[in-house]
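Shown next: protein_26.cif, containing mmCIF, C-alpha atoms.
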data_protein
loop_
_atom_site.group_PDB
_atom_site.id
_atom_site.type_symbol
_atom_site.label_atom_id
_atom_site.label_comp_id
_atom_site.auth_asym_id
_atom_site.auth_seq_id
_atom_site.Cartn_x
_atom_site.Cartn_y
_atom_site.Cartn_z
ATOM 1 C CA MET A 27 23.511 -16.057 -2.311
ATOM 2 C CA SER A 28 23.837 -15.083 -5.967
ATOM 3 C CA SER A 29 20.713 -13.614 -7.516
ATOM 4 C CA ILE A 30 20.746 -16.290 -10.229
ATOM 5 C CA LEU A 31 20.162 -18.960 -7.563
ATOM 6 C CA LYS A 32 17.151 -17.299 -5.928
ATOM 7 C CA GLU A 33 13.749 -18.925 -6.295
ATOM 8 C CA HIS A 34 10.467 -17.011 -6.414
ATOM 9 C CA SER A 35 8.786 -16.942 -3.005
ATOM 10 C CA HIS A 36 5.057 -17.035 -2.322
ATOM 11 C CA LYS A 37 3.612 -14.548 0.137
ATOM 12 C CA THR A 38 0.482 -16.348 1.382
ATOM 13 C CA LYS A 39 -0.060 -19.790 2.874
ATOM 14 C CA LEU A 40 -2.696 -20.549 0.226
ATOM 15 C CA GLY A 41 -0.323 -19.457 -2.550
ATOM 16 C CA LYS A 42 2.432 -21.647 -1.148
ATOM 17 C CA PHE A 43 0.043 -24.604 -0.765
ATOM 18 C CA LEU A 44 -1.264 -24.272 -4.348
ATOM 19 C CA HIS A 45 2.268 -23.877 -5.680
ATOM 20 C CA THR A 46 3.337 -27.043 -3.857
ATOM 21 C CA LEU A 47 0.275 -28.942 -5.099
ATOM 22 C CA VAL A 48 0.945 -27.953 -8.726
ATOM 23 C CA HIS A 49 4.635 -28.811 -8.318
ATOM 24 C CA ILE A 50 3.784 -32.304 -7.001
ATOM 25 C CA PHE A 51 1.261 -32.891 -9.802
ATOM 26 C CA LEU A 52 3.727 -31.785 -12.497
ATOM 27 C CA TYR A 53 6.511 -33.885 -10.985
ATOM 28 C CA ILE A 54 4.309 -36.998 -11.137
ATOM 29 C CA TRP A 55 2.986 -36.065 -14.617
ATOM 30 C CA GLN A 56 6.604 -35.926 -15.826
ATOM 31 C CA LEU A 57 7.793 -38.873 -13.743
ATOM 32 C CA PRO A 58 9.629 -40.722 -16.555
ATOM 33 C CA GLN A 59 11.644 -37.588 -17.408
ATOM 34 C CA ASN A 60 12.246 -36.664 -13.773
ATOM 35 C CA PHE A 61 13.433 -40.185 -12.973
ATOM 36 C CA ALA A 62 15.751 -40.101 -16.012
ATOM 37 C CA GLY A 63 17.025 -36.685 -14.853
ATOM 38 C CA LEU A 64 17.836 -38.018 -11.397
ATOM 39 C CA ILE A 65 19.659 -41.018 -12.892
ATOM 40 C CA TYR A 66 21.526 -38.749 -15.333
ATOM 41 C CA ARG A 67 22.589 -36.526 -12.456
ATOM 42 C CA ILE A 68 24.013 -39.531 -10.612
ATOM 43 C CA VAL A 69 25.901 -40.655 -13.737
ATOM 44 C CA LEU A 70 27.415 -37.226 -14.471
ATOM 45 C CA LYS A 71 30.598 -36.253 -12.754
ATOM 46 C CA GLY A 72 31.368 -32.765 -11.467
ATOM 47 C CA GLU A 73 28.065 -31.096 -12.334
ATOM 48 C CA LYS A 74 27.250 -27.836 -10.560
ATOM 49 C CA ARG A 75 23.842 -26.212 -10.222
ATOM 50 C CA THR A 76 24.015 -22.788 -11.831
ATOM 51 C CA LEU A 77 20.468 -21.667 -11.110
ATOM 52 C CA LYS A 78 16.990 -22.734 -10.149
ATOM 53 C CA GLN A 79 13.994 -20.984 -11.622
ATOM 54 C CA ARG A 80 10.403 -22.010 -12.334
ATOM 55 C CA ASN A 81 10.827 -25.300 -10.438
ATOM 56 C CA THR A 82 13.668 -26.287 -12.728
ATOM 57 C CA ALA A 83 17.273 -26.887 -11.715
ATOM 58 C CA PHE A 84 19.968 -26.027 -14.256
ATOM 59 C CA TYR A 85 23.282 -27.886 -14.026
ATOM 60 C CA VAL A 86 26.532 -27.383 -15.881
ATOM 61 C CA ALA A 87 28.494 -30.595 -16.356
ATOM 62 C CA PRO A 88 32.061 -30.551 -17.672
ATOM 63 C CA THR A 89 31.760 -34.167 -18.867
ATOM 64 C CA MET A 90 29.017 -33.627 -21.444
ATOM 65 C CA ASN A 91 28.343 -31.846 -24.741
ATOM 66 C CA GLY A 92 25.317 -29.708 -25.643
ATOM 67 C CA GLY A 93 22.227 -29.669 -23.482
ATOM 68 C CA VAL A 94 19.647 -32.148 -22.198
ATOM 69 C CA SER A 95 16.297 -31.364 -20.625
ATOM 70 C CA LEU A 96 14.759 -34.116 -18.502
ATOM 71 C CA GLY A 97 11.681 -32.960 -16.605
ATOM 72 C CA ASN A 98 12.698 -30.535 -13.870
ATOM 73 C CA TYR A 99 16.402 -31.061 -14.573
ATOM 74 C CA ILE A 100 18.383 -29.335 -17.298
ATOM 75 C CA PHE A 101 22.002 -30.239 -18.000
ATOM 76 C CA LEU A 102 24.332 -28.042 -20.029
ATOM 77 C CA SER A 103 27.907 -28.474 -21.165
ATOM 78 C CA GLU A 104 30.501 -25.967 -19.978
ATOM 79 C CA LYS A 105 30.426 -24.333 -23.412
ATOM 80 C CA SER A 106 26.626 -24.166 -23.581
ATOM 81 C CA GLY A 107 26.312 -22.962 -19.990
ATOM 82 C CA LEU A 108 27.769 -19.565 -20.887
ATOM 83 C CA LYS A 109 25.261 -19.009 -23.699
ATOM 84 C CA GLU A 110 22.358 -17.215 -22.044
ATOM 85 C CA PRO A 111 19.759 -18.162 -24.723
ATOM 86 C CA VAL A 112 20.514 -21.875 -24.237
ATOM 87 C CA TYR A 113 18.886 -21.652 -20.780
ATOM 88 C CA ASP A 114 15.695 -20.373 -22.437
ATOM 89 C CA HIS A 115 15.857 -22.947 -25.240
ATOM 90 C CA GLU A 116 16.330 -25.862 -22.825
ATOM 91 C CA PHE A 117 13.588 -24.482 -20.573
ATOM 92 C CA GLY A 118 11.380 -24.580 -23.683
ATOM 93 C CA HIS A 119 11.986 -28.346 -23.734
ATOM 94 C CA CYS A 120 11.006 -28.391 -20.044
ATOM 95 C CA ILE A 121 7.699 -26.726 -20.950
ATOM 96 C CA GLN A 122 7.205 -29.343 -23.681
ATOM 97 C CA SER A 123 7.690 -31.974 -20.973
ATOM 98 C CA ARG A 124 5.082 -30.279 -18.772
ATOM 99 C CA ILE A 125 2.611 -30.196 -21.664
ATOM 100 C CA LEU A 126 3.155 -33.759 -22.904
ATOM 101 C CA GLY A 127 3.885 -35.492 -19.605
ATOM 102 C CA PRO A 128 4.656 -39.178 -20.160
ATOM 103 C CA LEU A 129 4.497 -38.693 -23.945
ATOM 104 C CA TYR A 130 7.501 -36.318 -23.931
ATOM 105 C CA LEU A 131 10.281 -38.922 -24.091
ATOM 106 C CA PRO A 132 8.800 -41.029 -26.920
ATOM 107 C CA THR A 133 7.920 -37.937 -28.973
ATOM 108 C CA VAL A 134 10.075 -34.860 -28.363
ATOM 109 C CA GLY A 135 12.868 -36.630 -26.475
ATOM 110 C CA LEU A 136 13.364 -39.341 -29.074
ATOM 111 C CA CYS A 137 13.001 -37.033 -32.094
ATOM 112 C CA SER A 138 15.258 -34.360 -30.610
ATOM 113 C CA GLY A 139 17.870 -36.929 -29.583
ATOM 114 C CA LEU A 140 17.944 -38.553 -33.032
ATOM 115 C CA HIS A 141 18.072 -35.128 -34.666
ATOM 116 C CA CYS A 142 21.066 -34.239 -32.493
ATOM 117 C CA LEU A 143 22.865 -37.472 -33.424
ATOM 118 C CA PHE A 144 22.258 -37.266 -37.182
ATOM 119 C CA HIS A 145 22.057 -33.494 -37.738
ATOM 120 C CA ASN A 146 23.731 -32.248 -40.912
ATOM 121 C CA SER A 147 25.845 -29.224 -39.941
ATOM 122 C CA ALA A 148 25.012 -27.581 -43.283
ATOM 123 C CA ASN A 149 21.512 -26.938 -41.899
ATOM 124 C CA ASN A 150 20.496 -24.928 -38.849
ATOM 125 C CA TYR A 151 20.045 -27.311 -35.908
ATOM 126 C CA TYR A 152 17.253 -25.117 -34.539
ATOM 127 C CA ASP A 153 15.094 -25.440 -37.691
ATOM 128 C CA PHE A 154 13.893 -28.900 -36.598
ATOM 129 C CA TRP A 155 10.334 -28.913 -35.205
ATOM 130 C CA THR A 156 11.291 -29.930 -31.641
ATOM 131 C CA GLU A 157 13.912 -27.161 -31.449
ATOM 132 C CA LYS A 158 11.709 -24.460 -33.032
ATOM 133 C CA TRP A 159 8.946 -25.294 -30.587
ATOM 134 C CA ALA A 160 11.377 -25.198 -27.631
ATOM 135 C CA ASN A 161 12.672 -21.800 -28.773
ATOM 136 C CA LYS A 162 9.122 -20.456 -29.027
ATOM 137 C CA LEU A 163 8.124 -21.762 -25.586
ATOM 138 C CA GLY A 164 11.372 -20.437 -24.075
ATOM 139 C CA GLY A 165 10.782 -16.963 -25.492
ATOM 140 C CA VAL A 166 13.710 -17.020 -27.939
ATOM 141 C CA GLU A 167 11.872 -17.681 -31.187
ATOM 142 C CA GLY A 168 14.321 -17.511 -34.069
ATOM 143 C CA TYR A 169 17.367 -18.378 -31.926
ATOM 144 C CA ALA A 170 19.946 -20.207 -34.047
ATOM 145 C CA GLY A 171 22.781 -20.967 -31.619
ATOM 146 C CA GLU A 172 24.370 -17.538 -31.252
ATOM 147 C CA PHE A 173 26.434 -16.822 -28.146
ATOM 148 C CA HIS A 174 24.303 -13.757 -27.379
ATOM 149 C CA TYR A 175 20.779 -13.263 -28.672
ATOM 150 C CA HIS A 176 18.958 -9.976 -29.145
ATOM 151 C CA LYS A 177 15.878 -11.084 -27.223
ATOM 152 C CA ASP A 178 15.486 -12.012 -23.546
ATOM 153 C CA GLY A 179 13.719 -15.296 -22.919
ATOM 154 C CA VAL A 180 11.728 -16.563 -19.947
ATOM 155 C CA ILE A 181 14.720 -17.533 -17.783
ATOM 156 C CA ARG A 182 16.544 -14.653 -16.125
ATOM 157 C CA THR A 183 20.278 -14.960 -16.592
ATOM 158 C CA ALA A 184 23.080 -12.457 -16.379
ATOM 159 C CA TYR A 185 26.241 -13.216 -18.310
ATOM 160 C CA THR A 186 28.454 -11.531 -15.711
ATOM 161 C CA GLU A 187 26.982 -13.704 -12.951
ATOM 162 C CA LEU A 188 27.351 -16.865 -15.063
ATOM 163 C CA LYS A 189 30.973 -15.935 -15.824
ATOM 164 C CA ALA A 190 31.665 -15.364 -12.107
ATOM 165 C CA PHE A 191 30.061 -18.724 -11.285
ATOM 166 C CA TYR A 192 32.323 -20.378 -13.846
ATOM 167 C CA GLY A 193 35.356 -18.665 -12.408
ATOM 168 C CA LYS A 194 34.518 -20.057 -8.993
ATOM 169 C CA HIS A 195 33.543 -23.627 -9.948
ATOM 170 C CA PHE A 196 35.330 -24.609 -13.171
#
Show me this structure written as structure tokens.
Amino acid sequence: MSSILKEHSHKTKLGKFLHTLVHIFLYIWQLPQNFAGLIYRIVLKGEKRTLKQRNTAFYVAPTMNGGVSLGNYIFLSEKSGLKEPVYDHEFGHCIQSRILGPLYLPTVGLCSGLHCLFHNSANNYYDFWTEKWANKLGGVEGYAGEFHYHKDGVIRTAYTELKAFYGKHF
């Protein structure tokens, strides 16, 4: 199995139990987003899971544009899926979801979605508060949409592995 698909393993029974307990709590805490993510996954056509890290599944979907983070599910367009920093940025939205729980969709989700729809291309998309915060939480503070970014974020990606995945699936 590709190293980008490996999930962190826990060595003790107590560690595994606590990890599972936290995972269940966070899934319920983010239930509106997780439910929306499951529905979105059903609606999308041809999505492929590129990696799973930090209890979050990343999918690339050829039928969409940009990126969407819904609880434990992150969806990227084919174009965005090759930009390593986008994984960190979208995971930043996932952290926002974990912090805000059921308040994520009416606050960050709604504001970010409206910003995406009405964004003026003369301004940097990532200057909006929801996007700046996501960048900071994802470890790519200052990211402005570049294909490659000078700083590694919290999600481990390797461009060569992503490119090979694309070659196999798209």
Test item: the PyMOL selection byres ((chain A and resi 116) around 10) resolved as a list in words: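 Evaluating the PyMOL selection byres ((chain A and resi 116) around 10) on these coordinates yields Phe84, Gly93, Val94, Ser95, Leu96, Tyr99, Ile100, Phe101, Leu102, Pro111, Val112, Tyr113, Asp114, His115, Phe117, Gly118, His119, Cys120, Ile121, Gln122, Glu157, Ala160, Asn161, Leu163, Gly164 and Ile181 of chain A.
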Store the residues picked out above, limited to C-alpha atoms, as a JSON list (two decimals), in the frame of the given file.
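In the end it all went to part03.json:
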[["chain", "number", "residue", "atom", "x", "y", "z"],
["A", 84, "PHE", "CA", 19.97, -26.03, -14.26],
["A", 93, "GLY", "CA", 22.23, -29.67, -23.48],
["A", 94, "VAL", "CA", 19.65, -32.15, -22.20],
["A", 95, "SER", "CA", 16.30, -31.36, -20.62],
["A", 96, "LEU", "CA", 14.76, -34.12, -18.50],
["A", 99, "TYR", "CA", 16.40, -31.06, -14.57],
["A", 100, "ILE", "CA", 18.38, -29.34, -17.30],
["A", 101, "PHE", "CA", 22.00, -30.24, -18.00],
["A", 102, "LEU", "CA", 24.33, -28.04, -20.03],
["A", 111, "PRO", "CA", 19.76, -18.16, -24.72],
["A", 112, "VAL", "CA", 20.51, -21.88, -24.24],
["A", 113, "TYR", "CA", 18.89, -21.65, -20.78],
["A", 114, "ASP", "CA", 15.70, -20.37, -22.44],
["A", 115, "HIS", "CA", 15.86, -22.95, -25.24],
["A", 117, "PHE", "CA", 13.59, -24.48, -20.57],
["A", 118, "GLY", "CA", 11.38, -24.58, -23.68],
["A", 119, "HIS", "CA", 11.99, -28.35, -23.73],
["A", 120, "CYS", "CA", 11.01, -28.39, -20.04],
["A", 121, "ILE", "CA", 7.70, -26.73, -20.95],
["A", 122, "GLN", "CA", 7.20, -29.34, -23.68],
["A", 157, "GLU", "CA", 13.91, -27.16, -31.45],
["A", 160, "ALA", "CA", 11.38, -25.20, -27.63],
["A", 161, "ASN", "CA", 12.67, -21.80, -28.77],
["A", 163, "LEU", "CA", 8.12, -21.76, -25.59],
["A", 164, "GLY", "CA", 11.37, -20.44, -24.08],
["A", 181, "ILE", "CA", 14.72, -17.53, -17.78]]
Selection under test: the PyMOL selection byres ((chain A and resi 70) around 9); residues as a PDB file with C-alpha atoms, keeping the file's coordinate frame:
ATOM      1  CA  ILE A  65      19.659 -41.018 -12.892  1.00  0.00           C
ATOM      2  CA  TYR A  66      21.526 -38.749 -15.333  1.00  0.00           C
ATOM      3  CA  ARG A  67      22.589 -36.526 -12.456  1.00  0.00           C
ATOM      4  CA  ILE A  68      24.013 -39.531 -10.612  1.00  0.00           C
ATOM      5  CA  VAL A  69      25.901 -40.655 -13.737  1.00  0.00           C
ATOM      6  CA  LYS A  71      30.598 -36.253 -12.754  1.00  0.00           C
ATOM      7  CA  GLY A  72      31.368 -32.765 -11.467  1.00  0.00           C
ATOM      8  CA  GLU A  73      28.065 -31.096 -12.334  1.00  0.00           C
ATOM      9  CA  ALA A  87      28.494 -30.595 -16.356  1.00  0.00           C
ATOM     10  CA  PRO A  88      32.061 -30.551 -17.672  1.00  0.00           C
ATOM     11  CA  THR A  89      31.760 -34.167 -18.867  1.00  0.00           C
ATOM     12  CA  MET A  90      29.017 -33.627 -21.444  1.00  0.00           C
TER      13      MET A  90
END
Atom-to-atom span, CA of Thr156 (chain A) and CA of Thr133 (chain A), Å: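 So the answer is 9.1 Å.
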Interatomic distance (Å, one decimal) between CA of Lys158 (chain A) and CA of Gly127 (chain A):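 CA of Gly127 (chain A) lies at a distance of 19.1 Å from CA of Lys158 (chain A).
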Point-to-point distance in Å for CA of Lys109 (chain A) and CA of Gly92 (chain A): 10.9 Å
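Closest to Glu104 (chain A) among A:Gly171, A:Pro132, A:His176, A:Arg75 is A:Arg75, based on only C-alpha atoms.
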Pick from A:Arg80, A:Gly135, A:Tyr85, A:Ser106, whichever lies nearest to Ala62 (chain A) using all atoms listed in the file: A:Gly135
Which residue of A:Tyr53, A:Asn91, A:Glu110, A:Leu136 approaches Tyr175 (chain A) most closely, using only C-alpha atoms: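 Nearest to Tyr175 (chain A): A:Glu110.
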Residue with smallest distance to Leu57 (chain A) - pool A:Arg124, A:Lys105, A:His45, A:Lys74, counting only C-alpha atoms: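 Of A:Arg124, A:Lys105, A:His45, A:Lys74, the one nearest Leu57 (chain A) is A:Arg124, counting only C-alpha atoms.
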Near-Val134 (chain A) list (9 Å; all atoms listed in the file; drop same-chain fewer than 3 positions) as a PyMOL selection string: chain A and resi 119+122-123+126+129-131+137-139+156
Translate the PyMOL selection byres ((chain A and resi 184-191) around 8) into a concrete residue list for this structure, as a PDB file with C-alpha atoms, in the coordinates of the input.
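Output below, filename result20.pdb:
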ATOM      1  CA  SER A  28      23.837 -15.083  -5.967  1.00  0.00           C
ATOM      2  CA  ILE A  30      20.746 -16.290 -10.229  1.00  0.00           C
ATOM      3  CA  THR A  76      24.015 -22.788 -11.831  1.00  0.00           C
ATOM      4  CA  GLY A 107      26.312 -22.962 -19.990  1.00  0.00           C
ATOM      5  CA  LEU A 108      27.769 -19.565 -20.887  1.00  0.00           C
ATOM      6  CA  LYS A 109      25.261 -19.009 -23.699  1.00  0.00           C
ATOM      7  CA  GLU A 110      22.358 -17.215 -22.044  1.00  0.00           C
ATOM      8  CA  ARG A 182      16.544 -14.653 -16.125  1.00  0.00           C
ATOM      9  CA  THR A 183      20.278 -14.960 -16.592  1.00  0.00           C
ATOM     10  CA  TYR A 192      32.323 -20.378 -13.846  1.00  0.00           C
ATOM     11  CA  GLY A 193      35.356 -18.665 -12.408  1.00  0.00           C
ATOM     12  CA  LYS A 194      34.518 -20.057  -8.993  1.00  0.00           C
ATOM     13  CA  HIS A 195      33.543 -23.627  -9.948  1.00  0.00           C
TER      14      HIS A 195
END
A:Lys37, A:Lys78, A:Pro128, A:Ser103 ranked by distance to Leu52 (chain A), top pick (using all atoms listed in the file):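 With all atoms listed in the file as the atom set, the closest residue is A:Pro128.
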Would you compute the box with edges along x, y and z of the file around region 165-168 of chain A, including every atom the file lists for it and 3 Å extra on each side, and give its centre and edge lengths in Å to one decimal, as JSON?
{"center_x": 12.6, "center_y": -17.3, "center_z": -29.8, "size_x": 9.5, "size_y": 6.7, "size_z": 14.6}
